[in-house]
>>> print(open('structure.cif').read())   # mmCIF, C-alpha atoms
data_input
loop_
_atom_site.label_atom_id
_atom_site.label_comp_id
_atom_site.auth_asym_id
_atom_site.auth_seq_id
_atom_site.Cartn_x
_atom_site.Cartn_y
_atom_site.Cartn_z
CA MET A 1 -77.58 -14.34 -24.69
CA THR A 2 -76.47 -15.09 -28.24
CA ASP A 3 -74.71 -18.47 -28.34
CA PRO A 4 -76.51 -21.80 -27.78
CA LEU A 5 -76.24 -23.04 -24.21
CA PRO A 6 -74.15 -26.16 -23.69
CA THR A 7 -75.51 -29.21 -21.92
CA GLY A 8 -75.14 -28.93 -18.18
CA SER A 9 -76.51 -25.36 -18.20
CA THR A 10 -79.42 -24.50 -15.94
CA ILE A 11 -82.81 -23.33 -17.20
CA GLY A 12 -84.87 -21.26 -14.78
CA ILE A 13 -88.61 -21.90 -14.96
CA LEU A 14 -91.17 -19.52 -13.47
CA GLY A 15 -94.04 -21.65 -12.20
CA GLY A 16 -94.02 -25.14 -10.77
CA GLY A 17 -97.18 -26.74 -12.16
CA GLN A 18 -97.53 -29.65 -14.55
CA LEU A 19 -96.18 -27.70 -17.52
CA GLY A 20 -93.05 -26.84 -15.56
CA ARG A 21 -92.81 -30.48 -14.58
CA MET A 22 -92.91 -31.71 -18.17
CA LEU A 23 -90.49 -28.99 -19.28
CA SER A 24 -88.07 -30.17 -16.59
CA VAL A 25 -88.31 -33.76 -17.81
CA ALA A 26 -87.63 -32.67 -21.39
CA ALA A 27 -84.70 -30.52 -20.29
CA SER A 28 -83.21 -33.43 -18.36
CA ARG A 29 -83.37 -35.66 -21.45
CA LEU A 30 -81.25 -33.10 -23.29
CA GLY A 31 -78.73 -32.85 -20.48
CA PHE A 32 -79.91 -29.58 -18.94
CA LYS A 33 -80.72 -28.78 -15.32
CA THR A 34 -83.81 -26.89 -14.19
CA HIS A 35 -84.45 -24.53 -11.31
CA ILE A 36 -88.11 -23.82 -10.48
CA PHE A 37 -89.32 -20.56 -8.95
CA GLU A 38 -92.75 -21.12 -7.39
CA PRO A 39 -94.59 -19.37 -4.54
CA GLY A 40 -96.52 -22.49 -3.52
CA ALA A 41 -94.98 -25.28 -1.48
CA ASN A 42 -94.27 -28.73 -2.94
CA PRO A 43 -95.14 -27.99 -6.59
CA PRO A 44 -95.47 -30.85 -9.12
CA ALA A 45 -92.38 -29.62 -11.00
CA GLY A 46 -90.35 -29.78 -7.81
CA GLN A 47 -90.54 -33.58 -7.87
CA VAL A 48 -88.42 -33.75 -11.03
CA ALA A 49 -86.44 -30.47 -11.13
CA ASP A 50 -82.88 -30.09 -9.86
CA ARG A 51 -83.72 -27.18 -7.58
CA VAL A 52 -86.75 -25.25 -6.32
CA THR A 53 -87.01 -21.76 -4.88
CA THR A 54 -90.18 -21.28 -2.83
CA ALA A 55 -90.84 -17.55 -2.61
CA PRO A 56 -93.45 -14.97 -3.67
CA TYR A 57 -92.97 -12.97 -6.84
CA ASP A 58 -92.45 -9.78 -4.85
CA ASP A 59 -89.37 -11.17 -3.03
CA THR A 60 -86.64 -9.23 -4.81
CA ALA A 61 -83.78 -10.98 -3.03
CA ALA A 62 -85.14 -14.42 -3.94
CA LEU A 63 -85.65 -13.37 -7.56
CA GLU A 64 -82.09 -12.04 -7.83
CA ALA A 65 -80.64 -15.20 -6.30
CA PHE A 66 -82.73 -17.31 -8.67
CA ALA A 67 -81.56 -15.32 -11.70
CA ALA A 68 -77.93 -15.62 -10.60
CA SER A 69 -78.25 -19.42 -10.42
CA VAL A 70 -79.55 -19.98 -13.97
CA ASP A 71 -78.38 -19.37 -17.53
CA VAL A 72 -81.72 -18.49 -19.15
CA ILE A 73 -85.27 -18.02 -17.85
CA THR A 74 -88.56 -19.26 -19.25
CA TYR A 75 -92.05 -19.71 -17.80
CA GLU A 76 -94.96 -22.12 -17.71
CA PHE A 77 -97.74 -19.55 -17.27
CA GLU A 78 -98.26 -16.00 -18.47
CA ASN A 79 -99.61 -14.15 -15.43
CA ILE A 80 -96.23 -13.27 -13.95
CA PRO A 81 -96.15 -9.86 -12.22
CA THR A 82 -94.40 -7.22 -14.31
CA ALA A 83 -92.31 -6.08 -11.34
CA ALA A 84 -90.83 -9.59 -11.00
CA LEU A 85 -89.93 -9.62 -14.69
CA ASP A 86 -88.20 -6.24 -14.26
CA VAL A 87 -85.95 -7.71 -11.57
CA LEU A 88 -85.17 -10.89 -13.49
CA GLU A 89 -84.50 -9.26 -16.84
CA ARG A 90 -81.74 -7.13 -15.34
CA HIS A 91 -79.76 -10.32 -14.80
CA ARG A 92 -80.82 -12.94 -17.36
CA THR A 93 -82.46 -13.34 -20.75
CA ILE A 94 -86.15 -14.27 -20.56
CA ARG A 95 -87.55 -16.41 -23.38
CA PRO A 96 -90.18 -15.91 -24.74
CA GLY A 97 -89.64 -12.18 -24.40
CA ARG A 98 -91.54 -9.50 -22.51
CA GLU A 99 -93.63 -8.38 -25.47
CA SER A 100 -95.44 -11.71 -25.72
CA LEU A 101 -96.30 -11.50 -22.02
CA ARG A 102 -97.48 -7.91 -22.33
CA VAL A 103 -99.80 -8.87 -25.17
CA SER A 104 -101.17 -12.07 -23.67
CA GLN A 105 -101.67 -10.83 -20.10
CA ASP A 106 -104.49 -8.51 -21.16
CA ARG A 107 -107.35 -9.75 -23.36
CA LEU A 108 -107.99 -6.29 -24.80
CA THR A 109 -104.32 -5.82 -25.71
CA GLU A 110 -104.32 -9.30 -27.24
CA LYS A 111 -107.43 -8.63 -29.35
CA ASP A 112 -106.02 -5.30 -30.54
CA PHE A 113 -102.69 -6.95 -31.41
CA LEU A 114 -104.30 -9.78 -33.40
CA SER A 115 -106.65 -7.40 -35.21
CA GLY A 116 -103.69 -5.18 -36.03
CA LEU A 117 -102.08 -8.13 -37.81
CA GLY A 118 -105.13 -8.44 -40.02
CA LEU A 119 -106.32 -11.62 -38.32
CA SER A 120 -109.98 -12.31 -37.62
CA VAL A 121 -111.17 -12.28 -34.00
CA ALA A 122 -114.60 -12.34 -32.38
CA PRO A 123 -116.32 -8.94 -32.14
CA TYR A 124 -115.21 -7.31 -28.88
CA GLN A 125 -115.43 -4.17 -26.82
CA ASN A 126 -113.68 -2.89 -23.69
CA VAL A 127 -115.80 -2.74 -20.52
CA GLU A 128 -114.93 -0.93 -17.30
CA THR A 129 -118.33 0.21 -16.02
CA VAL A 130 -121.81 -1.29 -16.04
CA ASN A 131 -122.97 1.43 -18.43
CA GLU A 132 -120.11 0.58 -20.81
CA LEU A 133 -121.22 -3.05 -20.63
CA LYS A 134 -124.80 -2.17 -21.52
CA GLN A 135 -123.59 -0.10 -24.46
CA ALA A 136 -121.26 -2.92 -25.52
CA VAL A 137 -124.14 -5.40 -25.42
CA GLU A 138 -126.07 -3.14 -27.80
CA THR A 139 -123.08 -3.03 -30.17
CA VAL A 140 -121.78 -6.60 -29.93
CA GLY A 141 -125.17 -8.21 -29.35
CA THR A 142 -126.17 -11.37 -27.53
CA PRO A 143 -125.37 -14.09 -26.88
CA SER A 144 -121.97 -12.83 -25.75
CA ILE A 145 -119.49 -13.46 -22.99
CA LEU A 146 -117.91 -11.05 -20.55
CA LYS A 147 -114.31 -11.93 -19.63
CA THR A 148 -111.89 -10.30 -17.24
CA ARG A 149 -109.04 -8.71 -19.15
CA ARG A 150 -106.47 -10.35 -16.90
CA PHE A 151 -105.95 -13.60 -14.95
CA GLY A 152 -108.70 -15.74 -16.48
CA TYR A 153 -108.14 -19.43 -17.28
CA ASP A 154 -110.06 -22.70 -17.63
CA GLY A 155 -113.40 -20.90 -17.77
CA LYS A 156 -112.71 -18.73 -14.71
CA GLY A 157 -113.31 -14.98 -14.87
CA GLN A 158 -116.11 -15.33 -17.42
CA SER A 159 -119.86 -14.72 -17.46
CA ARG A 160 -122.25 -15.47 -20.30
CA ILE A 161 -124.86 -12.93 -21.35
CA MET A 162 -127.75 -14.52 -23.22
CA SER A 163 -129.99 -11.42 -23.15
CA PRO A 164 -129.44 -7.71 -22.37
CA ASP A 165 -131.17 -7.96 -18.98
CA GLN A 166 -128.32 -10.16 -17.72
CA ALA A 167 -125.75 -7.36 -18.05
CA ASP A 168 -125.93 -6.23 -14.41
CA HIS A 169 -125.44 -9.77 -13.11
CA ALA A 170 -122.51 -10.40 -15.46
CA PHE A 171 -120.82 -7.16 -14.44
CA SER A 172 -121.22 -8.13 -10.79
CA ASP A 173 -119.53 -11.48 -11.55
CA MET A 174 -116.41 -9.60 -12.66
CA GLN A 175 -116.15 -7.93 -9.22
CA GLY A 176 -115.11 -4.61 -10.70
CA ALA A 177 -112.25 -6.00 -12.81
CA PRO A 178 -111.71 -4.38 -16.24
CA SER A 179 -113.22 -6.72 -18.81
CA VAL A 180 -113.87 -7.40 -22.48
CA LEU A 181 -117.22 -8.29 -23.98
CA GLU A 182 -116.84 -10.82 -26.77
CA GLY A 183 -119.57 -11.78 -29.20
CA PHE A 184 -120.29 -15.46 -29.73
CA VAL A 185 -118.81 -16.97 -32.86
CA THR A 186 -120.73 -19.56 -34.84
CA PHE A 187 -118.12 -22.23 -35.42
CA THR A 188 -118.12 -25.87 -36.41
CA HIS A 189 -115.25 -26.84 -34.13
CA GLU A 190 -112.20 -25.50 -32.34
CA VAL A 191 -108.59 -26.31 -33.18
CA SER A 192 -105.23 -25.21 -31.91
CA VAL A 193 -101.79 -24.92 -33.45
CA ILE A 194 -98.73 -25.54 -31.31
CA ALA A 195 -96.01 -23.50 -32.99
CA ALA A 196 -92.36 -22.88 -32.20
CA ARG A 197 -89.85 -20.24 -33.24
CA SER A 198 -86.12 -20.35 -32.63
CA ALA A 199 -83.67 -17.58 -31.81
CA THR A 200 -82.62 -17.57 -35.48
CA GLY A 201 -86.20 -17.15 -36.73
CA GLU A 202 -86.75 -20.77 -37.71
CA ILE A 203 -90.41 -21.81 -37.34
CA ALA A 204 -91.86 -25.28 -36.87
CA CYS A 205 -95.55 -26.07 -36.31
CA PHE A 206 -97.15 -29.27 -35.10
CA ASP A 207 -100.30 -30.56 -36.78
CA PRO A 208 -103.42 -28.69 -35.60
CA GLY A 209 -105.38 -30.58 -32.95
CA GLU A 210 -109.16 -30.56 -32.57
CA ASN A 211 -110.33 -29.55 -29.09
CA LEU A 212 -113.43 -30.34 -27.06
CA HIS A 213 -114.15 -28.54 -23.78
CA LYS A 214 -116.27 -29.51 -20.78
CA ASP A 215 -117.24 -26.95 -18.14
CA GLY A 216 -114.69 -24.52 -19.54
CA ILE A 217 -111.81 -27.01 -19.26
CA LEU A 218 -110.18 -28.78 -22.19
CA ALA A 219 -111.45 -32.37 -22.23
CA THR A 220 -109.83 -33.88 -25.32
CA THR A 221 -107.55 -32.99 -28.20
CA THR A 222 -107.65 -35.19 -31.30
CA VAL A 223 -105.16 -35.34 -34.16
CA PRO A 224 -105.59 -35.14 -37.01
CA ALA A 225 -108.20 -32.41 -36.77
CA HIS A 226 -111.07 -32.13 -39.23
CA LEU A 227 -109.58 -29.55 -41.56
CA THR A 228 -109.18 -29.15 -45.28
CA ASN A 229 -105.65 -28.86 -46.63
CA ALA A 230 -106.28 -25.15 -47.19
CA GLN A 231 -107.50 -24.66 -43.60
CA ARG A 232 -104.50 -26.54 -42.24
CA THR A 233 -102.16 -24.34 -44.25
CA ASP A 234 -103.96 -21.17 -43.15
CA ALA A 235 -103.76 -22.22 -39.49
CA VAL A 236 -100.01 -22.76 -39.69
CA LEU A 237 -99.38 -19.54 -41.61
CA LEU A 238 -101.33 -17.35 -39.20
CA ALA A 239 -99.51 -18.92 -36.23
CA ALA A 240 -96.21 -18.14 -37.93
CA LYS A 241 -97.36 -14.56 -38.53
CA ILE A 242 -98.04 -14.11 -34.81
CA LEU A 243 -94.66 -15.57 -33.80
CA ASN A 244 -92.75 -13.35 -36.21
CA ALA A 245 -94.63 -10.22 -35.16
CA LEU A 246 -93.62 -10.86 -31.53
CA ASP A 247 -90.03 -11.86 -32.39
CA TYR A 248 -90.98 -14.89 -30.35
CA ILE A 249 -88.60 -17.56 -29.03
CA GLY A 250 -90.21 -20.73 -27.71
CA VAL A 251 -93.47 -22.65 -28.10
CA MET A 252 -96.87 -20.96 -28.32
CA GLY A 253 -100.43 -22.28 -28.37
CA VAL A 254 -102.80 -20.56 -30.83
CA GLU A 255 -106.48 -21.40 -30.37
CA LEU A 256 -108.74 -21.05 -33.42
CA PHE A 257 -112.43 -21.29 -34.25
CA VAL A 258 -113.22 -22.98 -37.56
CA THR A 259 -116.10 -21.18 -39.28
CA ASN A 260 -117.68 -21.15 -42.72
CA GLN A 261 -116.06 -17.74 -43.26
CA GLY A 262 -112.55 -18.88 -42.28
CA LEU A 263 -110.41 -19.22 -39.18
CA ILE A 264 -110.95 -16.90 -36.22
CA VAL A 265 -108.29 -16.54 -33.53
CA ASN A 266 -109.71 -17.17 -30.07
CA GLU A 267 -106.58 -16.54 -28.00
CA ILE A 268 -102.86 -17.14 -27.79
CA ALA A 269 -100.82 -18.64 -24.96
CA PRO A 270 -97.08 -17.82 -24.89
CA ARG A 271 -95.99 -21.18 -23.49
CA VAL A 272 -96.38 -24.90 -23.97
CA HIS A 273 -100.07 -25.71 -24.09
CA ASN A 274 -102.50 -28.30 -22.77
CA SER A 275 -103.72 -29.04 -26.30
CA GLY A 276 -100.17 -29.95 -27.32
CA HIS A 277 -99.75 -32.85 -24.88
CA TRP A 278 -100.58 -35.30 -27.68
CA THR A 279 -97.14 -34.57 -29.18
CA GLN A 280 -95.55 -36.69 -26.42
CA GLN A 281 -96.75 -39.84 -28.19
CA GLY A 282 -97.41 -38.48 -31.68
CA CYS A 283 -94.03 -36.98 -32.59
CA VAL A 284 -90.33 -37.72 -32.20
CA VAL A 285 -89.82 -34.26 -30.70
CA ASP A 286 -92.71 -33.14 -28.48
CA GLN A 287 -93.75 -29.59 -27.58
CA PHE A 288 -91.75 -29.62 -24.33
CA GLU A 289 -88.46 -30.58 -25.96
CA GLN A 290 -89.20 -28.10 -28.75
CA HIS A 291 -89.58 -25.31 -26.19
CA ILE A 292 -86.37 -26.25 -24.42
CA ARG A 293 -84.52 -26.36 -27.74
CA ALA A 294 -85.77 -22.87 -28.59
CA VAL A 295 -84.97 -21.17 -25.28
CA VAL A 296 -81.42 -22.59 -25.07
CA GLY A 297 -80.67 -21.58 -28.65
CA TRP A 298 -80.60 -25.06 -30.20
CA PRO A 299 -82.07 -25.87 -33.64
CA LEU A 300 -85.73 -26.83 -33.57
CA GLY A 301 -86.59 -30.51 -33.90
CA ASP A 302 -88.79 -32.21 -36.47
CA GLY A 303 -92.36 -32.10 -35.16
CA THR A 304 -93.84 -34.25 -37.90
CA ARG A 305 -96.74 -36.36 -36.60
CA TYR A 306 -96.25 -40.10 -37.08
CA ALA A 307 -99.36 -41.36 -35.25
CA ASP A 308 -102.99 -40.45 -34.70
CA VAL A 309 -103.56 -39.54 -31.05
CA VAL A 310 -106.40 -38.58 -28.72
CA MET A 311 -105.31 -36.72 -25.60
CA GLU A 312 -107.74 -36.80 -22.67
CA ASN A 313 -107.32 -34.63 -19.59
CA LEU A 314 -107.79 -36.39 -16.27
CA VAL A 315 -109.67 -33.92 -14.08
CA GLY A 316 -110.67 -34.37 -10.44
CA ASN A 317 -112.21 -37.77 -9.81
CA ASP A 318 -111.06 -39.04 -13.21
CA MET A 319 -108.14 -40.28 -11.13
CA ASP A 320 -110.41 -43.13 -10.01
CA ARG A 321 -110.14 -44.46 -13.59
CA VAL A 322 -106.34 -44.64 -13.60
CA PRO A 323 -106.09 -48.38 -12.79
CA ASP A 324 -108.36 -49.19 -15.73
CA ILE A 325 -106.55 -46.80 -18.07
CA ALA A 326 -103.26 -48.39 -17.10
CA ARG A 327 -104.55 -51.67 -18.54
CA GLU A 328 -105.26 -50.16 -21.98
CA ALA A 329 -102.80 -51.32 -24.60
CA ASN A 330 -102.68 -48.01 -26.46
CA ALA A 331 -102.75 -45.59 -23.51
CA SER A 332 -99.78 -43.58 -22.22
CA LEU A 333 -100.42 -42.08 -18.77
CA HIS A 334 -98.92 -38.80 -17.61
CA LEU A 335 -99.73 -38.06 -13.96
CA TYR A 336 -98.71 -34.78 -12.39
CA GLY A 337 -97.93 -35.87 -8.85
CA LYS A 338 -100.59 -33.65 -7.27
CA ILE A 339 -101.49 -34.97 -3.85
CA GLU A 340 -104.96 -33.50 -3.39
CA VAL A 341 -107.75 -34.36 -5.81
CA LYS A 342 -110.18 -31.46 -6.32
CA PRO A 343 -113.14 -30.97 -8.67
CA GLY A 344 -111.95 -29.17 -11.80
CA ARG A 345 -108.27 -29.77 -10.99
CA LYS A 346 -106.09 -31.20 -13.77
CA MET A 347 -104.45 -34.27 -12.26
CA GLY A 348 -102.91 -35.76 -15.39
CA HIS A 349 -103.64 -36.76 -18.95
CA VAL A 350 -103.64 -39.84 -21.11
CA ASN A 351 -102.54 -40.08 -24.74
CA ARG A 352 -104.25 -42.85 -26.67
CA VAL A 353 -102.42 -43.81 -29.84
CA LYS A 354 -104.31 -45.35 -32.75
CA LEU A 355 -102.81 -48.79 -33.13
CA PRO A 356 -102.29 -50.40 -36.55
CA PRO A 357 -104.72 -53.24 -37.37
CA LYS A 358 -103.51 -56.71 -36.41
#
>>> encode(input="structure.cif", output="C-alpha cells")
Amino acid sequence: MTDPLPTGSTIGILGGGQLGRMLSVAASRLGFKTHIFEPGANPPAGQVADRVTTAPYDDTAALEAFAASVDVITYEFENIPTAALDVLERHRTIRPGRESLRVSQDRLTEKDFLSGLGLSVAPYQNVETVNELKQAVETVGTPSILKTRRFGYDGKGQSRIMSPDQADHAFSDMQGAPSVLEGFVTFTHEVSVIAARSATGEIACFDPGENLHKDGILATTTVPAHLTNAQRTDAVLLAAKILNALDYIGVMGVELFVTNQGLIVNEIAPRVHNSGHWTQQGCVVDQFEQHIRAVVGWPLGDGTRYADVVMENLVGNDMDRVPDIAREANASLHLYGKIEVKPGRKMGHVNRVKLPPK
C-alpha cells in the first residue's frame, strides 16, 4: 500500500473493545468504513462499526475473508497471535507494522530494544526459573516487581517483591510464565506522550499528560503535566526516536517516569492509548483521528492542545456516578456501551475541560 486511501475505503480493526469503538467513530467522521475482527460476541466497537466478524484468531478462513473485505488493517491491542498476523499480512498491509508488535509483545524484548536506543529504563533481568529469580533479586535488589513477559495489562500478571524471602511466592504468582524482574524507580510522577508517525515519516506529538494509577489501572490523566520545558522537549524527542527506529505508522503511547536523573521509559504501547483520551476535548484532531489519518496514508493533523483537561476513567461502579457527571457543565462523557458492570472493568471515561473564568 503506497497511495493514500480514498474516503469510502474500509479499515479493518483487530479487536472490538473501547479503543476499536473510538477508532471506528473517528474513521466514520472522515468518511471511512470499519470492519471489526473480534473473538468475543457483541463487542463495544460492534455498536458503531459497519461490520463485525466474530471468530477466533486461529480461524484461517475467517481471517482471509476479513482481509479480503478491507483495504488496510490496524489493531486496538498488541497481543494478537503471530500466526493470525502471518495470515493477514499475506493479503493486506498492517499498520503499525509487525516489528512494533514483536517488540511490544514481550517485555524483555521491549526493554532490550529501548536500551539499545540509548534510552533509560528501570534495571531489569530475565527470569524463567525460581533460581533465576532469586539471583535476579540479588542483582536488581528490592523492592522490585516481577512481570510476565507477555499478556500483562492493567496491573495483571505482576507481583511485587518487597524482600528476598518473597521470591518463591512471586514466582508462583506467574504460574510458570517467562517473566522479567524490574527494579523500582524512584520517580516524582508518571507522564505519557501520545505520538504519531505517518507513512511519509512525519511525526506529531500531543502534549505529555500526567498519569495517576489506582490498583494498577489508570485513574486520571491531566494536561498540562508538571514538566519543565526541557523535560517536555526530551519526552517528545525520545518518543520520536522510538517511532523512527520502528519505522512506525500510527499512534503510540510512551509511558515515562520523571526522576531527578531524567526521564525513564516505563513501556510503550503500539496503539491509541488510554492516557490519550483527553485529546478528544483538548485538541482539534484527537488521537483516534490521528491514528486513522496515519494508517490510511493521509497527512497528520495538528494536535496542538487548546484547553486544559483532566481525563478520569470510569471503572466498575463508577457508572453509578454517571447521572451526576452528566450535570457537570465542563464534563464530556464517553461511555463504551458495555452491558455488564464488573469491578476493575473500564466502562467509560469523562473529560473535564477547564472553563475560562466568567
>>> atom_distance(input="structure.cif", atom1="atom CA of Val341 of chain A", atom2="atom CA of Glu190 of chain A")
28.3 Å
>>> residues_around(input="structure.cif", residues="Arg150 of chain A", least_positions_apart="5", cutoff="8 Å", atoms="only C-alpha atoms", output="PyMOL selection string")
chain A and resi 79+105-107+178-179
>>> resolve_selection(input="structure.cif", expression="the PyMOL selection byres ((chain A and resi 133) around 10)", output="compact mmCIF listing (two decimals) with C-alpha atoms, in the coordinates of the input")
# COMPACT_ATOMS: atom_id res chain seq x y z
CA GLN A 125 -115.43 -4.17 -26.82
CA ASN A 126 -113.68 -2.89 -23.69
CA VAL A 127 -115.80 -2.74 -20.52
CA GLU A 128 -114.93 -0.93 -17.30
CA THR A 129 -118.33 0.21 -16.02
CA VAL A 130 -121.81 -1.29 -16.04
CA ASN A 131 -122.97 1.43 -18.43
CA GLU A 132 -120.11 0.58 -20.81
CA LYS A 134 -124.80 -2.17 -21.52
CA GLN A 135 -123.59 -0.10 -24.46
CA ALA A 136 -121.26 -2.92 -25.52
CA VAL A 137 -124.14 -5.40 -25.42
CA GLU A 138 -126.07 -3.14 -27.80
CA THR A 139 -123.08 -3.03 -30.17
CA VAL A 140 -121.78 -6.60 -29.93
CA LEU A 146 -117.91 -11.05 -20.55
CA PRO A 164 -129.44 -7.71 -22.37
CA ALA A 167 -125.75 -7.36 -18.05
CA ASP A 168 -125.93 -6.23 -14.41
CA ALA A 170 -122.51 -10.40 -15.46
CA PHE A 171 -120.82 -7.16 -14.44
CA SER A 179 -113.22 -6.72 -18.81
CA VAL A 180 -113.87 -7.40 -22.48
CA LEU A 181 -117.22 -8.29 -23.98
>>> resolve_selection(input="structure.cif", expression="the PyMOL selection byres ((chain A and resi 59) around 12)", output="short mmCIF file (atom, residue, chain, number, x, y, z; two decimals) with C-alpha atoms, in the coordinates of the input")
data_model
loop_
_atom_site.label_atom_id
_atom_site.label_comp_id
_atom_site.auth_asym_id
_atom_site.auth_seq_id
_atom_site.Cartn_x
_atom_site.Cartn_y
_atom_site.Cartn_z
CA PHE A 37 -89.32 -20.56 -8.95
CA GLU A 38 -92.75 -21.12 -7.39
CA PRO A 39 -94.59 -19.37 -4.54
CA THR A 53 -87.01 -21.76 -4.88
CA THR A 54 -90.18 -21.28 -2.83
CA ALA A 55 -90.84 -17.55 -2.61
CA PRO A 56 -93.45 -14.97 -3.67
CA TYR A 57 -92.97 -12.97 -6.84
CA ASP A 58 -92.45 -9.78 -4.85
CA THR A 60 -86.64 -9.23 -4.81
CA ALA A 61 -83.78 -10.98 -3.03
CA ALA A 62 -85.14 -14.42 -3.94
CA LEU A 63 -85.65 -13.37 -7.56
CA GLU A 64 -82.09 -12.04 -7.83
CA ALA A 65 -80.64 -15.20 -6.30
CA PHE A 66 -82.73 -17.31 -8.67
CA PRO A 81 -96.15 -9.86 -12.22
CA ALA A 83 -92.31 -6.08 -11.34
CA ALA A 84 -90.83 -9.59 -11.00
CA LEU A 85 -89.93 -9.62 -14.69
CA VAL A 87 -85.95 -7.71 -11.57
CA LEU A 88 -85.17 -10.89 -13.49
#
>>> resolve_selection(input="structure.cif", expression="the PyMOL selection byres ((chain A and resi 143) around 7)", output="number ranges by chain")
A: 141-142, 144, 161-163, 183-184
